[in-house]
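Here is protein.cif, consisting of mmCIF, C-alpha atoms:
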data_start
loop_
_atom_site.label_atom_id
_atom_site.label_comp_id
_atom_site.auth_asym_id
_atom_site.auth_seq_id
_atom_site.Cartn_x
_atom_site.Cartn_y
_atom_site.Cartn_z
CA MET V 1 2.55 38.40 -36.41
CA ALA V 2 3.55 34.78 -35.93
CA MET V 3 1.05 32.45 -34.35
CA THR V 4 1.75 30.53 -31.16
CA HIS V 5 2.07 26.76 -31.36
CA ARG V 6 -1.37 26.36 -29.85
CA GLN V 7 -2.96 28.86 -32.23
CA ARG V 8 -1.59 26.96 -35.23
CA VAL V 9 -3.00 23.68 -33.97
CA GLU V 10 -6.36 25.23 -33.03
CA ASN V 11 -6.72 26.83 -36.47
CA ALA V 12 -5.84 23.59 -38.21
CA LEU V 13 -8.43 21.68 -36.17
CA ALA V 14 -11.01 24.30 -37.17
CA LEU V 15 -9.96 23.97 -40.86
CA GLN V 16 -8.76 27.57 -40.86
CA GLU V 17 -5.59 29.17 -42.26
CA THR V 18 -2.32 29.19 -40.33
CA ASP V 19 0.83 31.28 -40.76
CA ARG V 20 2.72 28.08 -41.54
CA ILE V 21 1.71 24.46 -41.49
CA PRO V 22 1.63 23.16 -37.90
CA TYR V 23 3.74 20.06 -37.50
CA SER V 24 5.34 17.59 -35.17
CA MET V 25 7.65 14.59 -35.37
CA TRP V 26 7.88 11.75 -32.88
CA MET V 27 9.99 8.68 -32.25
CA HIS V 28 10.66 6.18 -29.49
CA PHE V 29 13.67 6.46 -27.19
CA PRO V 30 14.48 2.77 -26.52
CA ASN V 31 16.28 2.04 -23.24
CA ARG V 32 15.79 5.66 -22.16
CA ASP V 33 12.02 5.96 -22.15
CA ARG V 34 11.21 4.04 -18.95
CA HIS V 35 12.96 6.64 -16.79
CA PRO V 36 10.43 9.43 -16.25
CA ARG V 37 12.84 12.35 -16.15
CA ARG V 38 14.82 11.13 -19.16
CA LEU V 39 11.66 10.67 -21.24
CA ALA V 40 10.55 14.18 -20.29
CA GLU V 41 13.95 15.69 -21.11
CA LEU V 42 14.23 13.96 -24.48
CA SER V 43 10.68 14.94 -25.44
CA LEU V 44 11.19 18.59 -24.62
CA ALA V 45 14.62 18.68 -26.27
CA ASN V 46 13.10 17.51 -29.56
CA GLN V 47 10.32 20.09 -29.33
CA LYS V 48 12.81 22.91 -28.81
CA LYS V 49 15.29 21.73 -31.41
CA TYR V 50 12.75 21.52 -34.23
CA ASP V 51 10.17 24.06 -32.96
CA LEU V 52 7.43 21.42 -32.95
CA ASP V 53 3.88 22.69 -32.58
CA PHE V 54 2.81 19.89 -30.25
CA ILE V 55 4.39 17.06 -28.29
CA LYS V 56 3.11 13.60 -29.05
CA PHE V 57 4.34 11.80 -25.93
CA MET V 58 6.24 8.57 -26.53
CA PRO V 59 6.13 6.11 -23.63
CA PHE V 60 7.42 2.78 -24.89
CA GLY V 61 4.96 0.77 -26.91
CA MET V 62 4.42 -2.06 -24.41
CA TYR V 63 3.69 0.13 -21.39
CA SER V 64 0.00 -0.82 -21.23
CA THR V 65 0.83 -4.54 -20.91
CA ILE V 66 3.38 -4.51 -18.10
CA ASP V 67 1.04 -4.51 -15.11
CA TYR V 68 -0.78 -7.57 -16.45
CA GLY V 69 2.46 -9.52 -16.07
CA ILE V 70 4.08 -9.60 -19.49
CA ASP V 71 7.87 -10.09 -19.64
CA LEU V 72 10.08 -8.18 -22.08
CA ASP V 73 13.20 -8.87 -24.07
CA LEU V 74 15.47 -5.81 -24.14
CA PHE V 75 18.17 -5.02 -26.68
CA PRO V 76 21.39 -3.02 -26.32
CA GLY V 77 21.67 0.48 -27.71
CA TYR V 78 19.07 3.12 -28.40
CA VAL V 79 17.37 1.90 -31.59
CA ASP V 80 15.56 -1.40 -30.99
CA ALA V 81 12.43 -1.28 -28.85
CA PRO V 82 11.66 -4.02 -26.31
CA VAL V 83 9.37 -6.88 -27.34
CA ALA V 84 7.37 -9.46 -25.43
CA HIS V 85 9.50 -12.42 -24.33
CA LYS V 86 6.51 -14.61 -25.05
CA PRO V 87 2.75 -14.02 -25.29
CA LEU V 88 1.02 -13.60 -21.96
CA ILE V 89 -2.18 -15.04 -23.47
CA GLU V 90 -1.63 -18.41 -25.14
CA ASN V 91 -4.86 -20.32 -24.53
CA ILE V 92 -8.41 -19.19 -24.05
CA ALA V 93 -8.38 -19.68 -20.27
CA ASP V 94 -5.48 -17.22 -19.94
CA TRP V 95 -7.93 -14.32 -20.40
CA ASP V 96 -9.19 -15.03 -16.89
CA LYS V 97 -5.86 -13.67 -15.59
CA ILE V 98 -6.64 -10.18 -16.91
CA ARG V 99 -8.06 -8.36 -13.90
CA PHE V 100 -8.47 -4.64 -13.32
CA VAL V 101 -5.20 -2.85 -12.54
CA SER V 102 -4.96 0.78 -11.59
CA GLY V 103 -4.39 3.22 -14.42
CA LYS V 104 -2.58 5.49 -11.96
CA SER V 105 -0.04 3.06 -10.48
CA GLY V 106 2.62 0.64 -11.67
CA GLU V 107 3.84 1.32 -15.20
CA TYR V 108 1.04 3.84 -15.72
CA ALA V 109 2.43 5.87 -12.82
CA VAL V 110 5.81 5.97 -14.57
CA VAL V 111 4.20 7.48 -17.69
CA LEU V 112 2.17 9.97 -15.67
CA GLU V 113 5.24 11.03 -13.70
CA ALA V 114 7.13 11.62 -16.94
CA GLN V 115 4.23 13.81 -18.11
CA ARG V 116 4.21 15.74 -14.83
CA LEU V 117 7.95 16.35 -15.02
CA LEU V 118 7.72 17.50 -18.64
CA PHE V 119 5.09 20.09 -17.80
CA GLY V 120 7.33 21.42 -15.05
CA MET V 121 10.16 21.88 -17.56
CA MET V 122 8.18 23.87 -20.13
CA ASN V 123 8.69 27.61 -20.43
CA GLU V 124 5.92 27.86 -23.03
CA ARG V 125 2.90 25.60 -22.64
CA ILE V 126 3.19 23.44 -25.76
CA PRO V 127 0.11 21.42 -26.76
CA PHE V 128 0.55 17.90 -25.42
CA LEU V 129 -0.95 14.57 -26.47
CA GLN V 130 -0.68 11.55 -24.20
CA THR V 131 -0.45 8.23 -26.05
CA VAL V 132 -3.29 5.90 -25.08
CA PHE V 133 -3.77 2.50 -26.69
CA SER V 134 -7.26 1.28 -27.46
CA PRO V 135 -8.39 -1.59 -25.22
CA MET V 136 -8.38 -4.07 -28.11
CA THR V 137 -4.86 -2.96 -29.03
CA THR V 138 -3.62 -3.68 -25.52
CA ALA V 139 -5.37 -7.06 -25.69
CA ALA V 140 -3.66 -7.80 -29.00
CA LYS V 141 -0.27 -6.87 -27.53
CA LEU V 142 -0.83 -9.57 -24.89
CA CYS V 143 -1.00 -12.22 -27.62
CA SER V 144 -1.35 -11.21 -31.29
CA PRO V 145 -4.19 -9.86 -33.43
CA ALA V 146 -4.70 -13.30 -34.98
CA VAL V 147 -4.85 -15.12 -31.63
CA LEU V 148 -7.15 -12.43 -30.22
CA MET V 149 -9.63 -12.87 -33.06
CA LYS V 150 -9.43 -16.67 -32.77
CA HIS V 151 -10.28 -16.47 -29.07
CA ILE V 152 -13.16 -14.07 -29.73
CA ALA V 153 -14.59 -16.63 -32.13
CA GLU V 154 -14.18 -19.42 -29.58
CA ASP V 155 -15.35 -17.69 -26.40
CA PRO V 156 -16.45 -14.08 -26.89
CA CYS V 157 -17.80 -13.70 -23.33
CA ARG V 158 -14.45 -14.62 -21.81
CA VAL V 159 -12.55 -12.14 -23.95
CA ARG V 160 -15.18 -9.47 -23.30
CA ARG V 161 -14.71 -9.80 -19.52
CA ALA V 162 -10.99 -9.16 -19.99
CA LEU V 163 -11.68 -6.23 -22.31
CA GLU V 164 -13.97 -4.65 -19.74
CA ASN V 165 -11.14 -4.75 -17.20
CA ILE V 166 -8.62 -3.37 -19.70
CA THR V 167 -11.09 -0.61 -20.61
CA ALA V 168 -11.61 0.40 -16.98
CA THR V 169 -7.84 0.65 -16.53
CA THR V 170 -7.46 2.65 -19.75
CA VAL V 171 -10.22 5.06 -18.75
CA GLU V 172 -8.58 5.68 -15.38
CA PHE V 173 -5.22 6.36 -17.06
CA ALA V 174 -6.72 8.65 -19.71
CA LYS V 175 -8.59 10.70 -17.12
CA ALA V 176 -5.44 10.95 -14.97
CA ALA V 177 -3.40 12.18 -17.95
CA VAL V 178 -6.00 14.85 -18.72
CA SER V 179 -6.22 15.90 -15.06
CA LEU V 180 -2.44 16.44 -15.19
CA GLY V 181 -2.90 18.82 -18.13
CA ALA V 182 -2.88 16.75 -21.31
CA ASP V 183 -4.68 18.65 -24.07
CA GLY V 184 -5.88 15.40 -25.57
CA LEU V 185 -5.20 11.78 -26.29
CA PHE V 186 -3.26 10.31 -29.17
CA PHE V 187 -5.63 7.34 -29.23
CA ALA V 188 -3.85 4.57 -31.11
CA THR V 189 -5.51 1.46 -32.49
CA GLN V 190 -3.94 -1.48 -34.30
CA MET V 191 -7.30 -3.24 -34.55
CA SER V 192 -9.22 -0.92 -36.89
CA THR V 193 -7.97 -2.41 -40.14
CA ARG V 194 -9.67 -4.85 -42.47
CA ASP V 195 -6.54 -6.99 -42.31
CA ALA V 196 -7.18 -7.61 -38.61
CA ILE V 197 -10.96 -7.67 -38.11
CA ASP V 198 -14.36 -7.80 -39.81
CA ALA V 199 -16.90 -5.01 -39.56
CA ALA V 200 -19.27 -6.75 -37.13
CA SER V 201 -16.48 -7.69 -34.73
CA HIS V 202 -15.08 -4.18 -34.98
CA ASP V 203 -18.40 -2.73 -33.84
CA ALA V 204 -18.73 -5.18 -30.96
CA PHE V 205 -15.17 -5.41 -29.68
CA VAL V 206 -13.28 -2.33 -30.88
CA ARG V 207 -15.72 0.52 -31.30
CA LYS V 208 -17.70 -0.21 -28.11
CA TYR V 209 -14.66 0.08 -25.85
CA ASP V 210 -12.99 2.86 -27.83
CA PHE V 211 -16.00 5.06 -27.19
CA GLU V 212 -15.91 4.33 -23.47
CA VAL V 213 -12.35 5.68 -23.30
CA LEU V 214 -12.87 8.68 -25.59
CA ASP V 215 -16.19 9.65 -24.02
CA SER V 216 -14.55 9.65 -20.58
CA VAL V 217 -12.47 12.72 -21.54
CA LYS V 218 -14.63 14.29 -24.23
CA GLY V 219 -15.64 17.34 -22.23
CA SER V 220 -12.12 17.98 -20.91
CA THR V 221 -9.97 17.94 -24.05
CA TRP V 222 -9.67 20.01 -27.23
CA PHE V 223 -7.14 17.97 -29.22
CA ASN V 224 -7.97 14.26 -29.41
CA VAL V 225 -6.35 12.36 -32.27
CA MET V 226 -7.40 8.95 -33.59
CA HIS V 227 -4.42 7.05 -34.98
CA VAL V 228 -5.31 4.02 -37.11
CA HIS V 229 -2.26 1.82 -37.52
CA GLY V 230 -1.81 -0.55 -40.44
CA ALA V 231 -2.80 -1.08 -44.05
CA ASN V 232 -6.44 -1.25 -45.14
CA ALA V 233 -7.35 1.16 -42.36
CA MET V 234 -11.03 1.64 -41.52
CA ILE V 235 -10.87 5.42 -41.91
CA ARG V 236 -14.42 5.77 -43.18
CA GLU V 237 -15.74 3.65 -40.30
CA VAL V 238 -14.27 5.90 -37.57
CA GLN V 239 -15.59 9.23 -38.85
CA ASP V 240 -18.06 9.56 -35.99
CA TYR V 241 -15.48 8.93 -33.27
CA PRO V 242 -15.34 11.86 -30.80
CA VAL V 243 -11.91 13.07 -31.94
CA HIS V 244 -10.66 16.27 -33.54
CA ALA V 245 -8.11 14.82 -35.97
CA LEU V 246 -7.24 11.60 -37.77
CA SER V 247 -3.80 10.04 -38.23
CA TRP V 248 -3.01 7.03 -40.43
CA HIS V 249 -0.40 5.77 -42.90
CA ASP V 250 -1.65 8.11 -45.60
CA ARG V 251 1.68 8.31 -47.42
CA ASP V 252 2.65 4.63 -47.28
CA ASP V 253 -0.55 2.58 -47.19
CA GLY V 254 -3.37 4.98 -47.97
CA PRO V 255 -6.04 6.02 -48.38
CA SER V 256 -4.73 9.41 -49.43
CA MET V 257 -5.73 12.62 -47.67
CA ASP V 258 -7.45 13.74 -50.86
CA GLU V 259 -9.64 10.63 -50.88
CA VAL V 260 -10.54 10.90 -47.19
CA ARG V 261 -11.35 14.59 -47.56
CA THR V 262 -14.24 13.64 -49.85
CA TYR V 263 -16.09 12.24 -46.82
CA SER V 264 -14.39 13.70 -43.73
CA ASP V 265 -14.57 17.11 -42.09
CA LYS V 266 -11.91 16.33 -39.47
CA ALA V 267 -8.37 17.66 -39.46
CA PHE V 268 -5.67 15.31 -40.74
CA ILE V 269 -2.23 14.60 -39.28
CA GLY V 270 0.21 13.06 -41.74
CA GLY V 271 1.93 13.70 -45.03
CA LEU V 272 5.28 12.19 -44.11
CA SER V 273 6.28 8.60 -44.63
CA TRP V 274 7.42 6.72 -41.51
CA GLY V 275 9.76 4.05 -40.15
CA LYS V 276 12.08 2.27 -42.57
CA ASN V 277 10.07 3.62 -45.51
CA TRP V 278 11.08 7.17 -44.62
CA LEU V 279 14.70 6.19 -44.11
CA GLY V 280 14.77 4.99 -47.70
CA LYS V 281 13.62 8.33 -49.13
CA THR V 282 16.03 10.84 -50.64
CA ASN V 283 16.26 14.36 -49.23
CA GLY V 284 14.49 15.59 -52.34
CA GLU V 285 11.61 13.20 -51.73
CA VAL V 286 11.33 14.36 -48.11
CA VAL V 287 11.16 18.00 -49.20
CA ALA V 288 8.50 17.04 -51.77
CA GLU V 289 6.42 15.30 -49.08
CA VAL V 290 6.45 18.43 -46.94
CA ARG V 291 5.65 20.82 -49.80
CA GLU V 292 2.87 18.62 -51.15
CA THR V 293 1.27 18.37 -47.69
CA VAL V 294 1.40 22.15 -47.24
CA VAL V 295 -0.91 22.72 -50.21
CA ARG V 296 -3.36 19.96 -49.24
CA ASN V 297 -6.91 21.20 -48.72
CA GLY V 298 -5.84 24.73 -49.59
CA GLY V 299 -3.53 24.77 -46.59
CA ARG V 300 -6.40 24.23 -44.16
CA GLY V 301 -7.11 21.37 -41.80
CA VAL V 302 -3.78 19.61 -42.20
CA ILE V 303 -1.04 19.11 -39.62
CA LEU V 304 2.24 17.71 -40.91
CA GLY V 305 3.50 14.58 -39.19
CA PRO V 306 4.69 11.03 -39.83
CA GLY V 307 2.21 8.30 -40.69
CA CYS V 308 3.45 6.54 -37.58
CA VAL V 309 6.69 6.64 -35.57
CA ILE V 310 9.94 7.92 -37.04
CA ASP V 311 12.76 5.39 -36.87
CA PRO V 312 15.09 6.24 -33.95
CA SER V 313 18.11 5.86 -36.24
CA THR V 314 16.91 8.71 -38.49
CA PRO V 315 19.79 11.18 -39.00
CA GLU V 316 19.32 14.58 -37.39
CA GLU V 317 19.99 16.10 -40.82
CA ARG V 318 16.67 14.70 -42.04
CA LEU V 319 14.70 16.10 -39.11
CA GLN V 320 16.36 19.48 -39.60
CA LEU V 321 15.44 19.32 -43.30
CA VAL V 322 11.76 18.94 -42.41
CA HIS V 323 11.98 21.92 -40.05
CA LYS V 324 13.77 24.03 -42.68
CA THR V 325 11.19 23.17 -45.35
CA VAL V 326 8.30 23.95 -43.00
CA LEU V 327 9.76 27.43 -42.46
CA GLU V 328 10.40 27.92 -46.18
CA THR V 329 6.75 27.19 -46.98
CA ALA V 330 5.35 29.65 -44.41
CA ARG V 331 2.93 32.28 -45.67
CA SER V 332 4.65 35.59 -46.43
#
Target encoding structure tokens, full file:
Amino acid sequence: MAMTHRQRVENALALQETDRIPYSMWMHFPNRDRHPRRLAELSLANQKKYDLDFIKFMPFGMYSTIDYGIDLDLFPGYVDAPVAHKPLIENIADWDKIRFVSGKSGEYAVVLEAQRLLFGMMNERIPFLQTVFSPMTTAAKLCSPAVLMKHIAEDPCRVRRALENITATTVEFAKAAVSLGADGLFFATQMSTRDAIDAASHDAFVRKYDFEVLDSVKGSTWFNVMHVHGANAMIREVQDYPVHALSWHDRDDGPSMDEVRTYSDKAFIGGLSWGKNWLGKTNGEVVAEVRETVVRNGGRGVILGPGCVIDPSTPEERLQLVHKTVLETARS
């Protein structure tokens, strides 16, 4: 008998066998993702079309910066995501502008409404992850990772006061998402790589606030995912984070799943390349990525997914190919 979507994910998180590899694919929906109903409709349509085992929700990548006053440049069409018109934080004194904003109003309310609408549209309750950015990631989006680290070196107390406000907002949003039914957080960090930060600063400015957010929902979720974005990811350093699965650029930047398995007992989400890298692969290479991931760890503890977001211009044929190969590799 075939497993439900939730059963597949639960078994994978417990490092147990599944009838087929659980999987999901996610991408942004530029110029359509700030309308709550449209974001909900597009998310559910993808789940149904490809029989995805969970929905990784995709509010646009700058959502956590809007209520602090950042301005965006938008682009025509449905491929290019909005970017900051200019940094909100340019000099060290600008951090004083970062006050607490509600994680349940403003742009956060838009994301929560999209989540609420999506749940109302589901016939089957599909596992759902709300995307939450780490406090240091939101801070970096207000300027840049390099400027953020420069300001920490110049005036750590000033930056810390801003981070405490960002963290309080993030906690309120995370708890609201869970209260609306999210099964967990897709907790995304762009500041847990050796390219961005040293170990001591990571402990003091990343890890400290990450734990505040994750601990705030720890007893209410069963499917928290830590996504470490970027090359030279600190995968070993986040092993004790209170999450159930790890996601990183395993296919494109490493380390490989096989290497991480030597020191990790968490489930892994990955196996597929992502972004422009994936667009450059042949269909044969895509099939090989899926098949190779299926046999990882003896078929236990692995959920197939992209190392990060799939490019919105990816042809539907490629997404259908992943679905077809997933079905072909199911246990008989």
For this structure, which residues satisfy the selection - the PyMOL selection byres ((chain V and resi 63) around 9) - when it is evaluated on the file as given? I want them as a ChimeraX atom specification. /V:34,59-62,64-67,107-108,111
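The list of residues with at least one atom within 12 Å of Thr314 (chain V), based on only C-alpha atoms and without residues fewer than 2 positions apart in the same chain, reads Met25, Trp26, Met27, His28, Phe29, Tyr78, Val79, Trp274, Gly275, Lys276, Asn277, Trp278, Leu279, Gly280, Lys281, Val309, Ile310, Asp311, Pro312, Glu316, Glu317, Arg318, Leu319, Gln320 and Leu321 of chain V.
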If you keep C-alpha atoms, can you produce a file of those selected residues as a PDB file, in the frame of the given file?
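Just written: again_39.pdb:
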ATOM      1  CA  MET V  25       7.650  14.590 -35.370  1.00  0.00           C
ATOM      2  CA  TRP V  26       7.880  11.750 -32.880  1.00  0.00           C
ATOM      3  CA  MET V  27       9.990   8.680 -32.250  1.00  0.00           C
ATOM      4  CA  HIS V  28      10.660   6.180 -29.490  1.00  0.00           C
ATOM      5  CA  PHE V  29      13.670   6.460 -27.190  1.00  0.00           C
ATOM      6  CA  TYR V  78      19.070   3.120 -28.400  1.00  0.00           C
ATOM      7  CA  VAL V  79      17.370   1.900 -31.590  1.00  0.00           C
ATOM      8  CA  TRP V 274       7.420   6.720 -41.510  1.00  0.00           C
ATOM      9  CA  GLY V 275       9.760   4.050 -40.150  1.00  0.00           C
ATOM     10  CA  LYS V 276      12.080   2.270 -42.570  1.00  0.00           C
ATOM     11  CA  ASN V 277      10.070   3.620 -45.510  1.00  0.00           C
ATOM     12  CA  TRP V 278      11.080   7.170 -44.620  1.00  0.00           C
ATOM     13  CA  LEU V 279      14.700   6.190 -44.110  1.00  0.00           C
ATOM     14  CA  GLY V 280      14.770   4.990 -47.700  1.00  0.00           C
ATOM     15  CA  LYS V 281      13.620   8.330 -49.130  1.00  0.00           C
ATOM     16  CA  VAL V 309       6.690   6.640 -35.570  1.00  0.00           C
ATOM     17  CA  ILE V 310       9.940   7.920 -37.040  1.00  0.00           C
ATOM     18  CA  ASP V 311      12.760   5.390 -36.870  1.00  0.00           C
ATOM     19  CA  PRO V 312      15.090   6.240 -33.950  1.00  0.00           C
ATOM     20  CA  GLU V 316      19.320  14.580 -37.390  1.00  0.00           C
ATOM     21  CA  GLU V 317      19.990  16.100 -40.820  1.00  0.00           C
ATOM     22  CA  ARG V 318      16.670  14.700 -42.040  1.00  0.00           C
ATOM     23  CA  LEU V 319      14.700  16.100 -39.110  1.00  0.00           C
ATOM     24  CA  GLN V 320      16.360  19.480 -39.600  1.00  0.00           C
ATOM     25  CA  LEU V 321      15.440  19.320 -43.300  1.00  0.00           C
TER      26      LEU V 321
END
Tell me which of V:Leu246, V:Val260, V:Met58, V:Ile152 sits closest to Gly305 (chain V), counting all atoms listed in the file. V:Leu246
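Here CA of Leu214 (chain V) and CA of Thr167 (chain V) stand 10.7 Å from one another.
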Taking the file as I've supplied it (selection: the PyMOL selection byres ((chain V and resi 217) around 9)), which residues are included? Please answer as an mmCIF file with C-alpha atoms, keeping the file's coordinate frame.
data_model
loop_
_atom_site.group_PDB
_atom_site.id
_atom_site.type_symbol
_atom_site.label_atom_id
_atom_site.label_comp_id
_atom_site.auth_asym_id
_atom_site.auth_seq_id
_atom_site.Cartn_x
_atom_site.Cartn_y
_atom_site.Cartn_z
ATOM 1 C CA VAL V 171 -10.220 5.060 -18.750
ATOM 2 C CA ALA V 174 -6.720 8.650 -19.710
ATOM 3 C CA LYS V 175 -8.590 10.700 -17.120
ATOM 4 C CA VAL V 178 -6.000 14.850 -18.720
ATOM 5 C CA GLY V 184 -5.880 15.400 -25.570
ATOM 6 C CA LEU V 185 -5.200 11.780 -26.290
ATOM 7 C CA VAL V 213 -12.350 5.680 -23.300
ATOM 8 C CA LEU V 214 -12.870 8.680 -25.590
ATOM 9 C CA ASP V 215 -16.190 9.650 -24.020
ATOM 10 C CA SER V 216 -14.550 9.650 -20.580
ATOM 11 C CA LYS V 218 -14.630 14.290 -24.230
ATOM 12 C CA GLY V 219 -15.640 17.340 -22.230
ATOM 13 C CA SER V 220 -12.120 17.980 -20.910
ATOM 14 C CA THR V 221 -9.970 17.940 -24.050
#
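Closest approach to Glu10 (chain V) from the set V:Ala267, V:Ala177, V:Leu118, V:Ala81 is made by V:Ala267, with distances taken over only C-alpha atoms.
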Residue with the minimum atom-to-atom distance to Arg161 (chain V), picked from V:Lys141, V:Phe186, V:Phe205, V:Gly120 with all atoms listed in the file counted, is V:Phe205
Run through the PyMOL selection byres ((chain V and resi 323) around 12) on the given coordinates and return the selected residues as a ChimeraX atom specification. /V:20-25,46-53,286-287,290-291,304-305,316-322,324-330
Dump as a PDB file, keeping the file's coordinate frame, selection limited to C-alpha atoms:
ATOM      1  CA  ARG V  20       2.720  28.080 -41.540  1.00  0.00           C
ATOM      2  CA  ILE V  21       1.710  24.460 -41.490  1.00  0.00           C
ATOM      3  CA  PRO V  22       1.630  23.160 -37.900  1.00  0.00           C
ATOM      4  CA  TYR V  23       3.740  20.060 -37.500  1.00  0.00           C
ATOM      5  CA  SER V  24       5.340  17.590 -35.170  1.00  0.00           C
ATOM      6  CA  MET V  25       7.650  14.590 -35.370  1.00  0.00           C
ATOM      7  CA  ASN V  46      13.100  17.510 -29.560  1.00  0.00           C
ATOM      8  CA  GLN V  47      10.320  20.090 -29.330  1.00  0.00           C
ATOM      9  CA  LYS V  48      12.810  22.910 -28.810  1.00  0.00           C
ATOM     10  CA  LYS V  49      15.290  21.730 -31.410  1.00  0.00           C
ATOM     11  CA  TYR V  50      12.750  21.520 -34.230  1.00  0.00           C
ATOM     12  CA  ASP V  51      10.170  24.060 -32.960  1.00  0.00           C
ATOM     13  CA  LEU V  52       7.430  21.420 -32.950  1.00  0.00           C
ATOM     14  CA  ASP V  53       3.880  22.690 -32.580  1.00  0.00           C
ATOM     15  CA  VAL V 286      11.330  14.360 -48.110  1.00  0.00           C
ATOM     16  CA  VAL V 287      11.160  18.000 -49.200  1.00  0.00           C
ATOM     17  CA  VAL V 290       6.450  18.430 -46.940  1.00  0.00           C
ATOM     18  CA  ARG V 291       5.650  20.820 -49.800  1.00  0.00           C
ATOM     19  CA  LEU V 304       2.240  17.710 -40.910  1.00  0.00           C
ATOM     20  CA  GLY V 305       3.500  14.580 -39.190  1.00  0.00           C
ATOM     21  CA  GLU V 316      19.320  14.580 -37.390  1.00  0.00           C
ATOM     22  CA  GLU V 317      19.990  16.100 -40.820  1.00  0.00           C
ATOM     23  CA  ARG V 318      16.670  14.700 -42.040  1.00  0.00           C
ATOM     24  CA  LEU V 319      14.700  16.100 -39.110  1.00  0.00           C
ATOM     25  CA  GLN V 320      16.360  19.480 -39.600  1.00  0.00           C
ATOM     26  CA  LEU V 321      15.440  19.320 -43.300  1.00  0.00           C
ATOM     27  CA  VAL V 322      11.760  18.940 -42.410  1.00  0.00           C
ATOM     28  CA  LYS V 324      13.770  24.030 -42.680  1.00  0.00           C
ATOM     29  CA  THR V 325      11.190  23.170 -45.350  1.00  0.00           C
ATOM     30  CA  VAL V 326       8.300  23.950 -43.000  1.00  0.00           C
ATOM     31  CA  LEU V 327       9.760  27.430 -42.460  1.00  0.00           C
ATOM     32  CA  GLU V 328      10.400  27.920 -46.180  1.00  0.00           C
ATOM     33  CA  THR V 329       6.750  27.190 -46.980  1.00  0.00           C
ATOM     34  CA  ALA V 330       5.350  29.650 -44.410  1.00  0.00           C
TER      35      ALA V 330
END
Would you pick out the contacts of Asp19 (chain V) at 10 Å or less, using only C-alpha atoms, so that residues sharing its chain but fewer than 6 positions from it are not included, and give the list as a list in words?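 With the cut-off at 10 Å, the set is Met1, Ala2, Met3, Thr4, Gln7, Arg8, Asn11, Gly299, Leu327, Thr329, Ala330, Arg331 and Ser332 of chain V.
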Which polymer residues, protein or nucleic acid, are no farther than 10 Å from (-7.4, -3.9, -33.3), counting all atoms listed in the file, as JSON, numbers by chain? {"V": [133, 134, 135, 136, 137, 138, 139, 140, 141, 144, 145, 146, 148, 149, 188, 189, 190, 191, 192, 193, 194, 195, 196, 197, 201, 202, 205, 206, 207, 228, 229, 230]}
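You will find CA of Val101 (chain V) at 16.6 Å from CA of Tyr209 (chain V).
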Shortest interatomic distance to Arg37 (chain V) - which of V:Gly77, V:Ile89, V:Val83, V:Phe119, counting all atoms listed in the file: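 Of V:Gly77, V:Ile89, V:Val83, V:Phe119, the one nearest Arg37 (chain V) is V:Phe119, counting all atoms listed in the file.
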Please list as a PyMOL selection string every residue within 12 Å of Arg38 (chain V), counting all atoms listed in the file and excluding residues in the same chain fewer than 2 positions away. chain V and resi 29-36+40-45+58-59+110-111+113-115+117-118+121
Which residues, written as a list in words, have at least one atom at most 8 Å from Trp248 (chain V), with only C-alpha atoms counted and residues fewer than 3 positions away on the same chain left out?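 Close residues of Trp248 (chain V): His227, Val228, His229, Gly230, Ala233, Gly254, Ile269, Gly270, Gly307 and Cys308 of chain V.
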Test item: which residues lie within 12 Å of (-11.8, 15.8, -47.5) counting all atoms listed in the file, as a ChimeraX atom specification: /V:15,235-236,239,246,255-268,296-298,300-302
Would you kindly return, as a PyMOL selection string, each protein, DNA or RNA residue with an atom no farther than 10 Å from any atom of Asp96 (chain V), considering only C-alpha atoms and excluding same-chain residues fewer than 2 positions away? chain V and resi 89+92-94+98-99+158-159+161-162
Work out how far apart CA of Glu154 (chain V) and CA of Asn91 (chain V) are and give it in Å to one decimal. 10.6 Å
Give, as JSON, the centre coordinates and the x, y and z edge lengths in Å to one decimal for an axis-aligned box around all listed atoms of region 177-191 of chain V, padded by 3 Å on each side.
{"center_x": -4.9, "center_y": 7.8, "center_z": -24.8, "size_x": 10.9, "size_y": 28.1, "size_z": 25.5}
